[in-house]
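What follows is start_9.cif (mmCIF, C-alpha atoms).
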data_structure
#
loop_
_atom_site.label_atom_id
_atom_site.label_comp_id
_atom_site.auth_asym_id
_atom_site.auth_seq_id
_atom_site.Cartn_x
_atom_site.Cartn_y
_atom_site.Cartn_z
CA MET A 1 21.36 9.78 10.00
CA ASN A 2 22.43 12.77 7.91
CA PRO A 3 22.94 11.46 4.30
CA LEU A 4 26.45 12.96 4.09
CA LYS A 5 27.46 11.31 7.38
CA LYS A 6 26.02 8.03 6.08
CA VAL A 7 28.13 8.26 2.90
CA LEU A 8 31.21 8.88 5.07
CA THR A 9 30.51 5.70 7.04
CA TYR A 10 31.11 3.84 3.78
CA SER A 11 34.62 5.33 3.57
CA ARG A 12 36.07 2.18 2.00
CA TYR A 13 33.74 2.39 -1.01
CA LEU A 14 33.96 6.17 -1.21
CA THR A 15 37.74 5.92 -1.33
CA LEU A 16 37.74 3.06 -3.82
CA GLY A 17 35.31 4.92 -6.09
CA MET A 18 37.22 8.20 -5.96
CA MET A 19 40.53 6.39 -6.45
CA ASP A 20 39.11 4.62 -9.54
CA ALA A 21 37.85 7.95 -10.82
CA SER A 22 41.10 9.81 -10.31
CA LEU A 23 43.30 7.14 -11.85
CA THR A 24 40.91 6.65 -14.77
CA SER A 25 40.74 10.42 -15.30
CA LEU A 26 44.53 10.58 -15.37
CA SER A 27 44.60 7.79 -17.95
CA VAL A 28 41.96 9.51 -20.11
CA ILE A 29 43.73 12.85 -19.78
CA SER A 30 47.13 11.35 -20.64
CA ALA A 31 45.74 9.32 -23.55
CA THR A 32 43.84 12.21 -25.11
CA TYR A 33 46.82 14.52 -24.61
CA LEU A 34 49.15 12.03 -26.28
CA ALA A 35 46.63 11.52 -29.09
CA GLY A 36 46.79 15.27 -29.70
CA ILE A 37 43.08 15.92 -29.08
CA THR A 38 42.59 19.64 -28.55
CA SER A 39 38.80 19.72 -28.45
CA GLY A 40 37.67 19.95 -24.84
CA ILE A 41 34.21 18.58 -25.63
CA GLU A 42 35.75 15.45 -27.17
CA VAL A 43 37.75 14.81 -24.01
CA ILE A 44 34.63 15.37 -21.88
CA ARG A 45 32.58 12.96 -24.04
CA LEU A 46 35.26 10.32 -23.76
CA ALA A 47 35.69 10.85 -20.00
CA LEU A 48 31.94 10.68 -19.41
CA SER A 49 31.55 7.43 -21.35
CA VAL A 50 34.46 5.94 -19.42
CA GLY A 51 32.81 7.33 -16.26
CA VAL A 52 29.53 5.55 -17.07
CA GLY A 53 31.41 2.29 -17.63
CA ILE A 54 33.41 2.61 -14.40
CA SER A 55 30.29 3.54 -12.42
CA ALA A 56 28.35 0.56 -13.75
CA SER A 57 31.29 -1.73 -13.11
CA ASN A 58 31.75 -0.34 -9.58
CA PHE A 59 28.06 -0.67 -8.79
CA SER A 60 27.72 -4.24 -10.02
CA GLY A 61 31.08 -5.33 -8.58
CA ALA A 62 30.40 -3.88 -5.15
CA TYR A 63 26.80 -5.06 -5.12
CA LEU A 64 27.67 -8.65 -6.06
CA ALA A 65 30.46 -8.77 -3.47
CA GLU A 66 28.24 -7.23 -0.78
CA GLU A 67 25.31 -9.50 -1.66
CA THR A 68 27.55 -12.53 -1.13
CA GLU A 69 28.66 -11.05 2.20
CA THR A 70 25.00 -10.53 3.14
CA ILE A 71 24.21 -14.19 2.53
CA LYS A 72 27.32 -15.28 4.44
CA GLU A 73 26.35 -13.01 7.32
CA ARG A 74 22.78 -14.31 7.38
CA ILE A 75 23.97 -17.95 7.42
CA LYS A 76 26.40 -17.07 10.24
CA PHE A 77 23.53 -15.68 12.34
CA GLU A 78 21.26 -18.62 11.50
CA ARG A 79 23.96 -21.03 12.70
CA ALA A 80 24.64 -19.01 15.84
CA MET A 81 20.92 -18.98 16.68
CA GLY A 82 20.46 -22.67 15.95
CA LEU A 83 18.06 -21.97 13.06
CA LYS A 84 17.63 -23.80 9.78
CA GLN A 85 19.30 -22.25 6.74
CA GLY A 86 17.03 -19.65 5.21
CA GLN A 87 14.98 -18.99 8.34
CA LEU A 88 16.24 -15.43 8.62
CA ARG A 89 15.35 -14.67 5.01
CA HIS A 90 12.96 -11.74 4.47
CA THR A 91 13.46 -10.52 8.03
CA LEU A 92 14.12 -6.94 9.09
CA MET A 93 17.73 -7.94 9.72
CA GLU A 94 18.17 -9.27 6.17
CA HIS A 95 16.47 -6.18 4.69
CA LYS A 96 18.92 -4.07 6.63
CA LEU A 97 21.91 -6.02 5.32
CA LYS A 98 20.59 -5.79 1.75
CA ARG A 99 19.96 -2.06 2.05
CA ARG A 100 23.53 -1.63 3.28
CA ALA A 101 24.78 -3.59 0.24
CA ARG A 102 22.81 -1.32 -2.14
CA GLU A 103 24.01 1.84 -0.41
CA ARG A 104 27.65 0.74 -0.51
CA ALA A 105 27.37 -0.13 -4.20
CA LEU A 106 25.76 3.26 -4.89
CA VAL A 107 28.50 5.14 -3.01
CA ASN A 108 31.16 3.21 -4.95
CA SER A 109 29.44 3.97 -8.25
CA VAL A 110 28.45 7.62 -7.73
CA SER A 111 31.83 8.57 -6.23
CA ALA A 112 33.57 7.18 -9.34
CA PHE A 113 31.33 9.13 -11.71
CA LEU A 114 31.62 12.33 -9.66
CA GLY A 115 35.39 12.00 -9.49
CA ILE A 116 35.69 11.76 -13.28
CA THR A 117 33.23 14.63 -13.81
CA VAL A 118 35.12 16.90 -11.41
CA ALA A 119 38.55 16.02 -12.83
CA THR A 120 37.43 16.88 -16.37
CA LEU A 121 35.75 20.19 -15.43
CA PRO A 122 38.66 22.32 -16.81
CA PHE A 123 37.85 21.08 -20.34
CA TRP A 124 34.59 23.09 -20.15
CA PHE A 125 36.36 26.33 -19.31
CA PHE A 126 39.93 26.33 -20.58
CA PRO A 127 41.54 25.67 -23.96
CA ALA A 128 44.17 22.98 -24.50
CA PRO A 129 46.89 22.58 -23.31
CA TYR A 130 45.91 24.45 -20.08
CA SER A 131 42.80 22.31 -19.61
CA TYR A 132 45.07 19.23 -19.59
CA TYR A 133 47.36 20.68 -16.93
CA TYR A 134 44.47 21.80 -14.72
CA ALA A 135 42.61 18.49 -15.12
CA GLY A 136 45.76 16.54 -14.24
CA LEU A 137 46.27 18.80 -11.25
CA ILE A 138 42.67 18.24 -10.08
CA ALA A 139 42.95 14.45 -10.44
CA ILE A 140 46.23 14.41 -8.50
CA SER A 141 44.75 16.77 -5.87
CA ILE A 142 41.77 14.42 -5.42
CA MET A 143 44.26 11.60 -4.87
CA ALA A 144 46.19 13.68 -2.33
CA LEU A 145 42.94 14.54 -0.50
CA LEU A 146 42.05 10.85 -0.41
CA GLY A 147 45.44 10.14 1.13
CA VAL A 148 44.80 12.81 3.78
CA TYR A 149 41.28 11.48 4.42
CA LEU A 150 42.51 7.88 4.81
CA ALA A 151 45.29 8.98 7.16
CA LYS A 152 42.82 11.01 9.27
CA ILE A 153 40.55 7.97 9.70
CA VAL A 154 43.34 5.88 11.20
CA ASN A 155 45.27 8.74 12.81
CA ARG A 156 48.36 8.38 10.66
CA ASN A 157 50.78 10.84 9.13
CA VAL A 158 48.72 12.78 6.56
CA ILE A 159 51.66 13.99 4.49
CA LYS A 160 53.14 10.50 4.17
CA SER A 161 49.75 9.12 3.15
CA ALA A 162 49.11 11.92 0.64
CA VAL A 163 52.56 11.46 -0.93
CA LYS A 164 51.97 7.69 -1.18
CA VAL A 165 48.77 8.08 -3.25
CA VAL A 166 50.22 10.90 -5.36
CA VAL A 167 53.12 8.58 -6.24
CA ILE A 168 50.54 5.99 -7.40
CA ALA A 169 48.94 8.69 -9.59
CA LEU A 170 52.30 9.69 -11.04
CA ILE A 171 53.12 6.05 -11.82
CA VAL A 172 49.87 5.86 -13.84
CA VAL A 173 50.84 8.97 -15.81
CA VAL A 174 54.36 7.67 -16.46
CA LEU A 175 52.98 4.28 -17.57
CA ASN A 176 50.58 6.00 -19.98
CA PHE A 177 53.40 8.03 -21.51
CA ALA A 178 55.63 4.95 -21.69
CA LEU A 179 52.89 2.92 -23.38
CA SER A 180 52.44 5.63 -26.03
CA ASN A 181 55.98 4.94 -27.21
CA ILE A 182 55.29 1.28 -27.99
CA MET B 183 -12.24 -13.76 28.38
CA LEU B 184 -9.20 -12.17 29.92
CA LYS B 185 -7.37 -9.55 27.94
CA LEU B 186 -3.63 -9.88 27.66
CA LYS B 187 -2.12 -6.85 29.45
CA GLU B 188 1.52 -7.76 29.95
CA ILE B 189 3.99 -10.26 28.58
CA THR B 190 7.66 -10.78 29.27
CA LEU B 191 9.62 -12.69 26.67
CA GLU B 192 13.14 -13.98 26.39
CA ILE B 193 14.24 -13.29 22.82
CA LEU B 194 17.36 -14.41 21.00
CA LYS B 195 18.38 -12.07 18.19
CA PRO B 196 21.30 -11.64 15.78
CA SER B 197 23.74 -9.00 17.02
CA ASP B 198 23.29 -7.09 13.76
CA LEU B 199 19.69 -6.29 14.65
CA GLN B 200 19.78 -3.37 17.06
CA ILE B 201 17.62 -3.28 20.17
CA ILE B 202 16.18 0.05 19.10
CA GLU B 203 15.05 -1.48 15.78
CA LEU B 204 13.23 -4.25 17.63
CA LEU B 205 11.63 -1.66 19.90
CA HIS B 206 10.39 0.36 16.90
CA ALA B 207 9.02 -2.80 15.29
CA LEU B 208 7.15 -3.78 18.48
CA GLU B 209 5.73 -0.31 19.12
CA LYS B 210 3.82 -0.59 15.85
CA VAL B 211 1.82 -3.59 17.07
CA ALA B 212 -1.78 -2.57 17.82
CA GLY B 213 -2.53 -2.23 21.54
CA VAL B 214 1.08 -1.89 22.64
CA LYS B 215 1.54 0.97 25.13
CA LYS B 216 4.97 0.23 26.58
CA VAL B 217 7.99 -1.83 25.57
CA GLU B 218 10.92 -2.40 27.87
CA ILE B 219 13.99 -4.24 26.59
CA THR B 220 16.98 -5.36 28.65
CA LEU B 221 20.08 -7.09 27.31
CA THR B 222 20.64 -10.13 29.50
CA ASP B 223 23.34 -12.04 27.65
CA PHE B 224 25.48 -11.67 24.56
CA GLU B 225 27.78 -13.85 22.52
CA LYS B 226 29.84 -13.28 19.39
CA SER B 227 26.90 -13.15 16.96
CA THR B 228 23.81 -13.25 19.15
CA GLU B 229 22.19 -11.38 21.99
CA THR B 230 19.55 -12.48 24.49
CA LEU B 231 16.98 -9.92 25.53
CA LYS B 232 14.30 -9.69 28.16
CA VAL B 233 11.40 -7.91 26.50
CA SER B 234 8.44 -6.69 28.56
CA ILE B 235 5.42 -5.48 26.62
CA SER B 236 2.33 -3.95 28.13
CA GLY B 237 -0.87 -2.53 26.72
CA ALA B 238 -4.66 -2.48 26.93
CA SER B 239 -5.13 -5.64 24.88
CA LEU B 240 -2.10 -7.34 23.39
CA ASP B 241 -2.22 -9.74 20.45
CA PHE B 242 0.38 -12.40 21.24
CA GLU B 243 0.30 -13.85 17.71
CA ARG B 244 1.03 -10.45 16.21
CA VAL B 245 3.87 -9.85 18.69
CA SER B 246 5.39 -13.24 17.76
CA GLU B 247 5.11 -12.42 14.06
CA VAL B 248 6.85 -9.06 14.52
CA VAL B 249 9.67 -10.66 16.55
CA ALA B 250 10.14 -13.34 13.86
CA HIS B 251 9.96 -10.77 11.04
CA SER B 252 12.62 -8.71 12.80
CA GLY B 253 14.95 -11.71 12.88
CA GLY B 254 14.54 -12.75 16.51
CA ILE B 255 13.17 -15.90 18.09
CA ILE B 256 11.10 -16.16 21.24
CA GLN B 257 12.86 -18.62 23.52
CA THR B 258 10.55 -18.49 26.52
CA VAL B 259 7.49 -16.66 27.75
CA GLN B 260 8.60 -15.68 31.23
CA HIS B 261 5.67 -13.69 32.56
CA ILE B 262 2.12 -13.04 31.46
CA VAL B 263 -0.71 -10.94 32.90
CA GLY B 264 -4.38 -11.19 31.87
CA GLU B 265 -7.14 -8.87 33.09
CA ARG B 266 -10.83 -8.34 32.47
#
Starting from the file, lay out its structure as structure tokens.
Amino acid sequence: MNPLKKVLTYSRYLTLGMMDASLTSLSVISATYLAGITSGIEVIRLALSVGVGISASNFSGAYLAEETETIKERIKFERAMGLKQGQLRHTLMEHKLKRRARERALVNSVSAFLGITVATLPFWFFPAPYSYYYAGLIAISIMALLGVYLAKIVNRNVIKSAVKVVVIALIVVVLNFALSNI
Amino acid sequence: MLKLKEITLEILKPSDLQIIELLHALEKVAGVKKVEITLTDFEKSTETLKVSISGASLDFERVSEVVAHSGGIIQTVQHIVGER
């Protein structure tokens, strides 16, 4: 299967990863803006370190959850086939389930890192405060695109879905600004 | 000694293992010339297959190993042909 098509089959993890990335980017952008940081490279450094943390967390979280599912699935098949527990270990079927777990974890991790990298691109090219506006706009646009993508999968209203996720993004920004006043 | 030319097996496999994957695993066994797989029964998590394998000289042990390694189990040997 074409690698891009394969990634799209893991839409749940792609969406979760990109959603994490966009919301985290918005938080980093809001926090650095409120802290009065004008150096683009400082914002990028901070965003990338947060990106590494989110990616590692997404990879390990998704992998552990999927690994548990793999074991549950294997036991389900062993029971259905009247086999002893563990008899389907190291089989082609189990390798396939494990490979799927690794791929899903990778999609969840890489999509989060890519999302943060893309959202912070304006800090390479534009001075503050424009870089902040553009970065915020990119993060919110990613969210809107995710909404459209999710709606397309299940044949729902794309505008409604896009607005729903953009509202989530705006809530994050508002919460960040509200927290800065504490 | 007769050489094993054809075998027909009834195999139970998990539904997650695709027929095509089993076919590709069996085609790698030395001596195998043709593999024919038919789905004969299916339940929620399992599928029963009729697998006919033919070749110049089949190694039954190796075929059994490949089926087991794929995640299937041989339930019955339904048909067997030996030739000099």
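Using the PyMOL selection byres ((chain A) within 9 of (chain B)) on this structure selects Arg74, Lys76, Phe77, Glu78, Ala80, Met81, Gln87, Leu88, Arg89, His90, Thr91, Leu92, Met93, Glu94, Lys96 and Leu97 of chain A.
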### Message
When you look at Glu243 of chain B with a cut-off of 12 Å (counting all atoms listed in the file), what residues show up, excluding the ones that are within fewer than 3 positions of it in the same chain? I need them as an MDAnalysis selection string.
### Response
chainID B and resid 186 211:212 240 246:250 256
Find the residues near Ile189 of chain B: any atom within 6 Å, counting all atoms listed in the file, skip ones fewer than 3 places away on the same chain, and give them as a tab-separated table (two decimals) with C-alpha atoms, in the coordinates of the input.
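Okay, result05.tsv is ready:
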chain	number	residue	atom	x	y	z
B	234	SER	CA	8.44	-6.69	28.56
B	235	ILE	CA	5.42	-5.48	26.62
B	261	HIS	CA	5.67	-13.69	32.56
B	262	ILE	CA	2.12	-13.04	31.46
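For the choices A:Gly136, A:Gly36, A:Gly51, A:Pro129, the atom-to-atom distance to Ile116 of chain A is smallest for A:Gly51 when using all atoms listed in the file.
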#### Entry: Selected residue of minimal separation from Tyr13 of chain A among A:Ala112, A:Ile140, A:Ala35, A:Leu26, counting all atoms listed in the file
A:Ala112
### Query
At most 10 Å from (18.9, -13.2, 30.1), file frame, all atoms listed in the file: which residues, as JSON, numbers by chain?
{"B": [191, 192, 193, 194, 220, 221, 222, 223, 224, 229, 230, 231, 232, 233]}
Pull C-alpha atoms from the residues just selected and write them as a CSV table (one decimal), keeping the file's coordinate frame.
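So the final result, stored in out-v8.csv, reads:
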chain,number,residue,atom,x,y,z
B,191,LEU,CA,9.6,-12.7,26.7
B,192,GLU,CA,13.1,-14.0,26.4
B,193,ILE,CA,14.2,-13.3,22.8
B,194,LEU,CA,17.4,-14.4,21.0
B,220,THR,CA,17.0,-5.4,28.6
B,221,LEU,CA,20.1,-7.1,27.3
B,222,THR,CA,20.6,-10.1,29.5
B,223,ASP,CA,23.3,-12.0,27.6
B,224,PHE,CA,25.5,-11.7,24.6
B,229,GLU,CA,22.2,-11.4,22.0
B,230,THR,CA,19.6,-12.5,24.5
B,231,LEU,CA,17.0,-9.9,25.5
B,232,LYS,CA,14.3,-9.7,28.2
B,233,VAL,CA,11.4,-7.9,26.5
### Task
Carefully work through the PyMOL selection byres ((chain A and resi 149) around 12) for this structure and note down the residues it includes, as a PyMOL selection string.
chain A and resi 8+11-12+14-15+18+142-148+150-162+165
